[in-house]
Amino acid sequence: MSIKLFDSELKVMHVLWRGGDRTAKEISDILKAETGWNMNTTYTVIKKCIAKGAVQRSEPGFVCHALIPKEAVQEAETDELIGKLFDGSIDQLFAALLGNKKLSAEQIARLKELVDREAGQ
């Protein structure tokens with residue numbers, strides 16, 4: 001994915017990923033409650049998302065539709081994080097994530113399942 005989304009743009013995208021297509025007014029109302037943004041701020045950020053090709057606007061009603069799936073953004077952001085902070089090393093990322101944290105047996109089982117699934121591909 002070549003589109004870089006800033007934190008403010010991700011807030012708009014999260015609203016769309018959670019609830020599907022919404023009008024700009026609905027997004028504005030949600031983000032006012034969640035972040036305290038006013039309508040002008042929300043509309044400005046929506047327009048930036050449209051300009052970047054992350055959101056499509058349709059009429060009537062200024063309906064917004066996410067053009068980028070959440071998983072694609074998560075993958076791109078994860079790749080960038082691993083590259084920037086861990087010299088491209090996934091095992092260093094996991095070591096940092098685990099650190100001194102205590103995991104439940106269920107969390108350990110899910111991680112093992114993910115690793116086993118990847119190893120089988």
# chains A, B, ... in the order shown; residues from 1 in each chain; ligands from 1
$ residues_around --residues "region 37-50 of chain A" --least-positions-apart "3" --cutoff "12 Å" --atoms "only C-alpha atoms" --output "NGL selection string"
:A and (3-16 or 22-34 or 53-58 or 62-68)
$ write_last_selection --atoms "C-alpha atoms" --output "CSV table (one decimal), in the first residue's frame"
chain,number,residue,atom,x,y,z
A,3,ILE,CA,-1.0,5.6,0.8
A,4,LYS,CA,0.4,6.9,4.1
A,5,LEU,CA,-2.4,7.8,6.5
A,6,PHE,CA,-1.8,10.2,9.4
A,7,ASP,CA,-3.4,9.6,12.9
A,8,SER,CA,-6.2,12.0,12.2
A,9,GLU,CA,-7.0,10.2,8.9
A,10,LEU,CA,-6.9,6.9,10.6
A,11,LYS,CA,-9.6,8.1,13.0
A,12,VAL,CA,-11.9,8.7,10.1
A,13,MET,CA,-11.0,5.3,8.6
A,14,HIS,CA,-11.7,3.5,11.9
A,15,VAL,CA,-15.3,5.0,11.9
A,16,LEU,CA,-15.8,3.6,8.4
A,22,ARG,CA,-21.6,6.8,6.6
A,23,THR,CA,-22.4,10.3,5.7
A,24,ALA,CA,-19.8,13.0,6.6
A,25,LYS,CA,-22.3,14.3,9.1
A,26,GLU,CA,-22.5,10.9,10.9
A,27,ILE,CA,-18.7,10.7,10.9
A,28,SER,CA,-18.5,14.2,12.3
A,29,ASP,CA,-21.0,13.3,15.1
A,30,ILE,CA,-19.1,10.2,16.0
A,31,LEU,CA,-15.7,11.9,16.1
A,32,LYS,CA,-17.1,14.8,18.1
A,33,ALA,CA,-18.2,12.4,20.7
A,34,GLU,CA,-15.0,10.3,20.6
A,53,GLY,CA,-7.7,7.8,-2.5
A,54,ALA,CA,-8.6,6.2,0.9
A,55,VAL,CA,-12.2,7.3,0.8
A,56,GLN,CA,-14.8,7.7,-1.9
A,57,ARG,CA,-17.5,10.3,-1.7
A,58,SER,CA,-20.9,9.7,-3.3
A,62,PHE,CA,-21.9,13.2,1.1
A,63,VAL,CA,-21.7,9.4,1.8
A,64,CYS,CA,-18.2,8.2,2.5
A,65,HIS,CA,-17.0,4.7,1.6
A,66,ALA,CA,-13.6,3.3,2.7
A,67,LEU,CA,-11.6,2.2,-0.4
A,68,ILE,CA,-8.7,0.7,1.7
$ select_by_dssp --residues "chain A" --states "strand (DSSP E)" --output "PyMOL selection string"
chain A and resi 22-23+55-58+63-66
$ atom_distance --atom1 "CA of Arg18 (chain A)" --atom2 "CA of Glu77 (chain A)"
18.6 Å
